[in-house]
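S.K.: Have a look at the structure that comes next, please.
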Protein chains: 2
Amino acid sequence: MDEDKQDHVDRILAQWRRERPDLDVEPMGILGRLKRLGTHLGREVEAVLLKHGLSTSSFDVLATLRRSGAPHRLSPGELLEMTMVSSGTMTNRIDQLEKAGFVERIVNPDDRRSVLIALTDKGFATVEEAVGAHVANQQRLTRNLTAEDKAAFDRLLKKFLSDFE
Amino acid sequence: MDEDKQDHVDRILAQWRRERPDLDVEPMGILGRLKRLGTHLGREVEAVLLKHGLSTSSFDVLATLRRSGAPHRLSPGELLEMTMVSSGTMTNRIDQLEKAGFVERIVNPDDRRSVLIALTDKGFATVEEAVGAHVANQQRLTRNLTAEDKAAFDRLLKKFLSDFE
DNA sequence: GGATTTTATCTTGACGTCAAGATATCTACT
DNA sequence: AGTAGATATCTTGACGTCAAGATAAAATCC
C-alpha cells in the first residue's frame, strides 16, 4: 500500500543521513510527521469552522462552554484549564467572542475578582451548528484509517501524550 | 499500564457524550490528542533551540540549508517548498537570519528575480551545534516509547500524512 | 482588624504567521 | 523586437499567541 514510498519527511531524513551520518534521526521522522500532520489537520479544521464564522480559537472556547452543560457558564480560569493557552490569550479570545455577541461577561457576586463567561442564545446556536459540521469534518479527515488503525493510533497517542500531562 | 486512566481528552469526550450523545466523537479523540501532543512537543523543542539562540522557525531554515549539503545555498523558493509556510513568512525568516548574521542574500546572476540564501560560517557553526542538541532532545522526548511503538507510530503517521501530501 | 500573600483577570509589547497584492524579471509567442 | 503571461520575491495589514507585569479582590496570618 505504498508504505515504502518516499514522502517529504523521508527525503529530509535521507539528506541528514548523507550529511550527518552520526545522527540517529528516527525520532526526527516521527516528530516531523507529527508536526506536518498537525499543520495539515489544523488547516482543514479551520476551513470548515470558518464557514460558520468561527476561528479554531473561538470555536474552542464556545465548544468548551457548550459541553460543560447548562447553564453554559465558566470562569476564564476554568476555560484556561481546558485549553492550553495563556491567560492573556484567553482574555483576548473572550473579548472577541463578546464583541461578536457569542458570549457575555457576567459579574460573579461571590468573588468579584472573577467573572463568568456565559454563552448567549446566538453563541449556543452557532456552536451547536458548528460542532456538527466539525465532527463530520473530523470523520472525513480520518476516513482512510481503518478501525484497527484508529484504535492503535489512539492508544499510541494517549501513551505518548501521558508523558507531558 | 494505565491505558484505561482518564486523561484530559477522555474528559472532553465524556462531556460531549453526555451533552450530545448523537455525535460520534472517536475521531475527535484522535485529533484532539494529536493537537495537544503537537503543542507539548513544539514547546519542548523550542526550549532547547532557544538555548542556542534560535527559534524553531529560524532553526528550520538553517537546518534546511545545512542538510542540503555544500555549498549550503538555496533560493527562497526552494526553502519554501520544504517548509510549509507562505512566501511572506519565508521573507520574514530570512530577514531575521540575515540581521543575525546567520545567512546572507547573494544575487543570482542567472536569474535576477531570484536570490540565493547562503549559510555564513557563523550560521553553519550555530546550526551544527543546535542540530546535535535538537536530535538528542528528540530522543529524550521519545524515550518512553518502545521500539515497537515507534515503528507502529511512524507507520500510522506516514499513512495518515499521505492523505494530505 | 490591618498587613501580607495569594488568586483571578487583564494589559502591554513583541513575535510568527498568513492572504493578498506589489514589484521586478524572465519566457514565450507573434 | 515587442508584448503578454508566468515566475520569484517582497510588502502590507491583520490575527493569534505568549511572557511579564499591572490591577483588584480575597484569604490568611498575626
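Each chain in the C-alpha cells gets a letter, A, B and so on, in the order shown; residues start at 1 in every chain, and ligands are counted from 1 in the order they appear.
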As a ChimeraX atom specification, could you give me every residue of chain D near chain A (at most 12 Å apart, counting only C-alpha atoms (C1' of nucleotides))?
M.R.: /D:15-21,23-27
S.K.: With the cut-off set at 9 Å and counting only C-alpha atoms (C1' of nucleotides), tabulate each residue of chain C with an atom at most that distance from an atom of chain B, showing the nearest atom pair and its distance in Å to one decimal, ordered by chain and increasing number, as CSV.
M.R.:
residue,atom,partner,partner_atom,distance
C:DG16,C1',B:Thr89,CA,7.8
C:DT17,C1',B:Thr89,CA,6.5
C:DC18,C1',B:Ser86,CA,6.7
C:DA19,C1',B:Ser86,CA,8.9
C:DA24,C1',B:Arg113,CA,6.4
C:DT25,C1',B:Arg113,CA,5.0
C:DC26,C1',B:Asp111,CA,7.5
S.K.: Give me, as a PDB file with C-alpha atoms, in the first residue's frame, all polymer residues having an atom no more than 7 Å from stretch 136-152 of chain B, counting only C-alpha atoms (C1' of nucleotides) and skipping those fewer than 3 positions away in the same chain.
M.R.:
ATOM      1  CA  PRO A  27      12.792  10.279  16.363  1.00  0.00           C
ATOM      2  CA  MET A  28      13.049  13.152  13.899  1.00  0.00           C
TER       3      MET A  28
ATOM      4  CA  GLY B 132      23.073  17.914  17.833  1.00  0.00           C
ATOM      5  CA  ALA B 133      21.168  19.222  20.830  1.00  0.00           C
ATOM      6  CA  ARG B 155       3.813   3.736  10.032  1.00  0.00           C
ATOM      7  CA  LEU B 156       0.459   5.215  11.068  1.00  0.00           C
TER       8      LEU B 156
END
S.K.: Taking the chain letters and numbering used in this document, name the residues of stretch 56-140 of chain B that DSSP puts in helix (DSSP H, G or I), as a PyMOL selection string.
M.R.: chain B and resi 56-67+76-81+87-99+121-140
S.K.: Let me see the file: selected residues, C-alpha atoms, as a PDB file, in the first residue's frame.
M.R.:
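As written to disk, out18.pdb reads:
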ATOM      1  CA  THR B  56      12.025  26.864  15.770  1.00  0.00           C
ATOM      2  CA  SER B  57      11.373  28.977  12.689  1.00  0.00           C
ATOM      3  CA  SER B  58      14.975  30.102  12.391  1.00  0.00           C
ATOM      4  CA  PHE B  59      16.274  26.632  13.036  1.00  0.00           C
ATOM      5  CA  ASP B  60      14.056  25.169  10.327  1.00  0.00           C
ATOM      6  CA  VAL B  61      15.605  27.427   7.722  1.00  0.00           C
ATOM      7  CA  LEU B  62      19.188  26.934   8.863  1.00  0.00           C
ATOM      8  CA  ALA B  63      18.674  23.180   9.103  1.00  0.00           C
ATOM      9  CA  THR B  64      17.229  23.073   5.595  1.00  0.00           C
ATOM     10  CA  LEU B  65      20.302  24.856   4.262  1.00  0.00           C
ATOM     11  CA  ARG B  66      22.646  22.643   6.278  1.00  0.00           C
ATOM     12  CA  ARG B  67      21.189  19.342   5.178  1.00  0.00           C
ATOM     13  CA  PRO B  76      13.810  31.353  -1.027  1.00  0.00           C
ATOM     14  CA  GLY B  77      11.587  29.373  -3.370  1.00  0.00           C
ATOM     15  CA  GLU B  78      13.460  26.152  -2.692  1.00  0.00           C
ATOM     16  CA  LEU B  79      13.291  26.841   1.035  1.00  0.00           C
ATOM     17  CA  LEU B  80       9.569  27.449   0.669  1.00  0.00           C
ATOM     18  CA  GLU B  81       8.951  24.067  -0.910  1.00  0.00           C
ATOM     19  CA  SER B  87       6.288  33.302   0.898  1.00  0.00           C
ATOM     20  CA  GLY B  88       5.814  36.279   3.193  1.00  0.00           C
ATOM     21  CA  THR B  89       6.746  34.167   6.191  1.00  0.00           C
ATOM     22  CA  MET B  90       9.877  32.965   4.451  1.00  0.00           C
ATOM     23  CA  THR B  91      10.923  36.511   3.587  1.00  0.00           C
ATOM     24  CA  ASN B  92      10.471  37.434   7.217  1.00  0.00           C
ATOM     25  CA  ARG B  93      12.505  34.464   8.423  1.00  0.00           C
ATOM     26  CA  ILE B  94      15.339  35.239   6.047  1.00  0.00           C
ATOM     27  CA  ASP B  95      15.331  38.890   7.095  1.00  0.00           C
ATOM     28  CA  GLN B  96      15.841  37.907  10.703  1.00  0.00           C
ATOM     29  CA  LEU B  97      18.535  35.377   9.967  1.00  0.00           C
ATOM     30  CA  GLU B  98      20.334  37.893   7.797  1.00  0.00           C
ATOM     31  CA  LYS B  99      20.125  40.520  10.533  1.00  0.00           C
ATOM     32  CA  ASP B 121      30.303  30.456   8.815  1.00  0.00           C
ATOM     33  CA  LYS B 122      28.540  31.665  11.919  1.00  0.00           C
ATOM     34  CA  GLY B 123      25.270  30.198  10.690  1.00  0.00           C
ATOM     35  CA  PHE B 124      26.920  26.894   9.882  1.00  0.00           C
ATOM     36  CA  ALA B 125      28.588  26.655  13.283  1.00  0.00           C
ATOM     37  CA  THR B 126      25.371  27.571  15.059  1.00  0.00           C
ATOM     38  CA  VAL B 127      23.165  25.075  13.265  1.00  0.00           C
ATOM     39  CA  GLU B 128      25.798  22.362  13.602  1.00  0.00           C
ATOM     40  CA  GLU B 129      25.702  22.717  17.368  1.00  0.00           C
ATOM     41  CA  ALA B 130      21.959  23.199  17.529  1.00  0.00           C
ATOM     42  CA  VAL B 131      21.111  20.145  15.477  1.00  0.00           C
ATOM     43  CA  GLY B 132      23.073  17.914  17.833  1.00  0.00           C
ATOM     44  CA  ALA B 133      21.168  19.222  20.830  1.00  0.00           C
ATOM     45  CA  HIS B 134      17.930  19.041  18.883  1.00  0.00           C
ATOM     46  CA  VAL B 135      18.355  15.396  17.939  1.00  0.00           C
ATOM     47  CA  ALA B 136      19.335  14.497  21.489  1.00  0.00           C
ATOM     48  CA  ASN B 137      16.222  16.272  22.680  1.00  0.00           C
ATOM     49  CA  GLN B 138      14.063  14.368  20.210  1.00  0.00           C
ATOM     50  CA  GLN B 139      15.464  11.133  21.555  1.00  0.00           C
ATOM     51  CA  ARG B 140      14.673  12.233  25.076  1.00  0.00           C
TER      52      ARG B 140
END
S.K.: Mind the document's chain letters and residue numbers, and return as a list in words the residues of stretch 1-147 of chain B that DSSP labels strand (DSSP E).
M.R.: Arg73, Leu74, Val103, Glu104, Arg105, Ile106, Val107, Val115, Leu116, Ile117, Ala118 and Leu119 of chain B
S.K.: Using Å and a single decimal, report how far atom C1' of C:DG21 sits from atom C1' of D:DG13.
M.R.: 11.2 Å
S.K.: Using only C-alpha atoms and a distance of at most 7 Å, pull out the residues of chain B that contact chain A, as a PyMOL selection string.
M.R.: chain B and resi 15-16+19+25+27-28+30+33-35+37-38+40+67-69+135+138-139+142+153-154+156-158+161+164
